[in-house]
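Engineer: Mind looking over this structure? Questions follow.
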Amino acid sequence: MTRRVDEIGKALGVLTIGDGGIEIRGIASIPAAQPGDLVFVQEEKHLQSALLSNAAAIVAGAFAQSAYTSKALLITSNPRLAFARAAKFLHTQESYTPGIHPTAIVDPSAALGKDVAIDARAVVYEGVLIGDCTWIGAGVVIGKASAIGEDCEIYPNVTIYSGTRIGDRVIVHAGAVLGSDGFGYVHDDAELPDAAIPARQSGRYEKFPQIGKLLIEDDVEIGANATIDRGALETTRIGRGTKIDNLVHIGHNCQIGENVIIAAQAGFSGSITIENNVVIGGQVGVGEHARIEEGVMLGGQAGVLPKKILRGRGIAFWGTPAKPLREYLKQLAAITKLGRRA
Amino acid sequence: MTRRVDEIGKALGVLTIGDGGIEIRGIASIPAAQPGDLVFVQEEKHLQSALLSNAAAIVAGAFAQSAYTSKALLITSNPRLAFARAAKFLHTQESYTPGIHPTAIVDPSAALGKDVAIDARAVVYEGVLIGDCTWIGAGVVIGKASAIGEDCEIYPNVTIYSGTRIGDRVIVHAGAVLGSDGFGYVHDDAELPDAAIPARQSGRYEKFPQIGKLLIEDDVEIGANATIDRGALETTRIGRGTKIDNLVHIGHNCQIGENVIIAAQAGFSGSITIENNVVIGGQVGVGEHARIEEGVMLGGQAGVLPKKILRGRGIAFWGTPAKPLREYLKQLAAITKLGRRA
Amino acid sequence: MTRRVDEIGKALGVLTIGDGGIEIRGIASIPAAQPGDLVFVQEEKHLQSALLSNAAAIVAGAFAQSAYTSKALLITSNPRLAFARAAKFLHTQESYTPGIHPTAIVDPSAALGKDVAIDARAVVYEGVLIGDCTWIGAGVVIGKASAIGEDCEIYPNVTIYSGTRIGDRVIVHAGAVLGSDGFGYVHDDAELPDAAIPARQSGRYEKFPQIGKLLIEDDVEIGANATIDRGALETTRIGRGTKIDNLVHIGHNCQIGENVIIAAQAGFSGSITIENNVVIGGQVGVGEHARIEEGVMLGGQAGVLPKKILRGRGIAFWGTPAKPLREYLKQLAAITKLGRRA
């Protein structure tokens with residue numbers, strides 16, 4: 001879609017300088033920009049390269065106001081955010097044509113909203129609800145009695161187990177598995193000696209029932225090949241606005257708050273509570289029943305012991321076992337010194 | 001399925017107290033229990049909330065014997081285990097209707113047992129054997145000459161490479177990959193100078209053949225998006241009763257014993273031996289050719305160096321490189337002290 | 001395919017000793033060898049067991065030249081490499097029959113080379129290019145305008161997002177996801193107060209556009225369930241000859257060089273540069289904007305901080321934060337001593 005610079009400026013509510021009639025076709029990075037592209041400059045030191053680029057217009061901070069250029073300028077206190085919104089306004093992401101592909105298999109009892117798109121070979125089981133304008137990619141499998149909200153994007157080859165509930169505007173990337181059984185077993189050392197049902201011939205571990213649910217609230221994004229387990233008996237919950245990166249694992253019964261950021265390959269064992277606005281680095285591991293309170297940050301590869309509670313808005317924890325950054329750095333310095341002396 | 005409390009008590013071989021004629025419809029956690037549900041209490045401190053819940057009956061220890069209640073009580077030394085068995089007795093997990101979906105693609109040379117269920121869009125290649133009562137989920141791909149036993153559950157979008165052998169009562173969760181090529185290359189620094197076949201134009205690494213097999217024994221459960229590689233020339237083996245969580249990686253030629261527990265995101269490089277009854281925490285990493293002997297426990301995020309041997313039934317190892325817990329805690333305390341002094 | 005020993009010796013350019021007329025049917029490990037199999041011996045200490053095995057012929061070093069045996073010998077300075085090449089010469093890996101399965105869905109605008117094989121239920125979208133002799137496995141989904149080169153093997157249930165470019169002789173294992181959206185958001189603390197477009201009802205994070213590309217060069221191999229994100233605005237690149245193991249994560253905008261080895265479950269956040277010939281151990285984590293220079297080795301579970309630069313051809317780095325092995329070992333020894341004293 002093509003838009004005039006002044007239309008973009010108005011939609012974003014930012015100041016337009018220069019020729020508002022310039023037509024914008026897309027967005028780009030500064031080095032890759034072509035005529036018709038919009039770019040952004042977050043820091044003044046990059047302004048010069050933006051001015052020298054092929055871009056047609058620049059989103060920038062107040063520092064760019066008096067730049068001498070034939071390009072149009074959109075001036076705002078947060079260029080990165082304005083650029084992201086401009087991208088949405090220009091519909092730069094892919095869109096889907098509503099309709100059900102003839103090779104998709106949709107159970108007659110499924111209820112689909114309007115303008116739903118279901119791609120080739122997707123399988124939708126009994127009693128599934130799909131909201132308006134949601135896209136189901138090729139090869140996706142949606143189990144019985146699941147519900148998906150409006151404006152969702154479910155990428156190819158995702159598997160959603162039965163009974164999973166997903167809110168509106170949720171994005172699930174390819175290969176993710178939602179609502180799988182949790183990892184819970186009963187050790188049968190303590191045999192039931194006079195049972196009429198013999199112990200299953202399963203050796204020492206017997207599966208504990210995993211019949212709870214998974215609830216994913218609005219505006220969540222889930223990365224490729226991530227896995228989120230259903231509750232054992234209750235409900236695993238992913239709060240509104242939370243963003244989960246690729247290959248993350250979330251175990252059964254976890255309660256993840258709102259606007260939590262979870263970077264790639266982080267893992268949560270069962271029954272963990274993560275409060276709102278927590279930031280979890282890549283490859284972090286959290287033990288069962290731990291609680292990470294509002295606004296805590298965990299550095300990459302940090303490890304949290306079972307049942308541990310971490311608190312402190314804006315406090316960063318590092319290392320295994322995770323400790324406040326200041327303490328971690330002191331220990332690191334001491335170890336380094338010790339190593340040199342050795 | 002509905003069962004009377006006394007039927008359940010008899011099946012489990014446990015003492016029934018109160019009205020054995022109460023009908024039980026399902027299982028639940030204490031807070032979520034509805035009339036007709038069975039709940040369990042492992043520790044006496046939770047008995048009161050179970051008594052106050054909506055549950056119709058309670059599985060509990062001897063501590064509950066004289067409780068004053070109209071609910072039925074099932075008294076046993078291991079409530080959690082009895083509850084898990086009651087769930088099985090009540091058929092609370094999903095069941096599958098036998099039959100081959102018309103969109104499944106099953107090669108005529110495949111041999112299927114009785115009451116096999118193959119869901120939409122599954123693909124079964126030449127020479128595959130599938131045992132009685134096994135369910136193959138939608139979108140599963142089973143390579144040539146693989147064999148799957150009886151009573152297995154293969155969830156959607158699993159890929160099984162050719163020649164993989166799987167025992168009875170094995171559960172494989174969605175997206176898992178079984179029998180993929182191992183990660184083995186020959187560095188061609190040592191060029192074969194007078195070869196008539198030129199070095200493949202692959203830069204410096206040439207693929208070593210990965211034509212071994214993968215054997216998964218009875219009663220194994222494999223988590224969502226886990227990956228287990230075939231052997232290079234021999235066979236990767238997962239022993240009977242072993243339970244593997246989501247996103248675990250097991251490399252080529254590994255020999256995993258029986259009743260091993262492997263938590264999420266743990267990773268094993270090639271040719272590792274894990275003996276029976278080992279417990280591996282989440283995100284543990286084990287280097288090639290290491291051996292973890294019978295009954296060892298490895299704490300979350302622990303790291304084991306290549307070729308290392310860990311032994312000691314019931315001994316917990318922590319940290320990287322992994323050391324006995326006692327030693328690990330002493331080092332941790334010393335580092336903490338050092339950090340404070342700095 | 002059956003080949004005479006002297007044909008193999010000639011093809012490999014190595015010395016043949018003994019009966020060159022022996023027919024070879026396949027390759028095997030020494031313990032598993034059957035009559036007709038070729039085995040290899042890298043170190044002299046294993047020669048005796050090879051001589052006692054059922055193998056028909058042995059690839060070995062000069063140490064085997066005067067062995068007294070009826071088996072044929074192929075003598076070379078690099079037995080392992082010669083064995084790998086012999087395996088290729090014998091076509092021991094699976095091959096594919098060209099053709100498009102009737103249940104594959106190939107958009108009419110896709111352009112396929114000659115001898116392409118597309119298996120059951122694969123979905124190929126508009127404008128896709130597929131080179132000669134490439135195999136697309138069952139259930140693979142290839143997004144719009146992607147291009148795949150010649151002689152590639154794309155295993156079942158792989159998802160390739162639109163616009164991804166893949167070179168020749170690339171192998172992608174089952175369940176891998178290529179070209180998914182990167183993990184990039186704008187925190188909207190800095191609200192655009194007078195915007196005509198209201199903030200998306202997404203809480204605090206707004207998706208930054210992820211519309212860049214993914215480029216995978218020739219001779220790359222990618223493991224099962226690995227995930228590689230497209231660039232945000234530019235291109236994520238995986239260099240020629242690089243080998244990536246199972247469950248590896250590579251974030252947006254990463255620039256991975258040639259002949260890099262990346263072991264299982266390693267993770268790279270965004271905008272990282274890995275130069276040529278780097279070796280990355282399992283479960284290594286690298287923070288955003290870090291740079292690992294030519295020929296560096298990173299030990300398993302090592303962690304590299306954001307923006308960090310590691311350099312030194314052949315230098316091994318260990319631990320978190322990663323330091324040269326020598327320094328790491330000194331620190332380890334000092335901590336061990338300290339722990340004992342405590």
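Going by the structure tokens order, chains are called A, B, ..., each with residues numbered from 1, while ligands are numbered from 1 in the order shown.
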Could you go through region 143-191 of chain A and tell me which residues DSSP, when run on the backbone, assigns to strand (DSSP E or B), listing them as an MDAnalysis selection string?
Structural biologist: chainID A and resid 147:148 153:154 159:160 165:166 171:172 177:180 185:187
Engineer: Identify every residue of chain B that has at least one atom within 6 Å of any atom of chain A, counting only C-alpha atoms, and report the result as a PyMOL selection string.
Structural biologist: chain B and resi 11-13+28-29+81+84+219+241+339
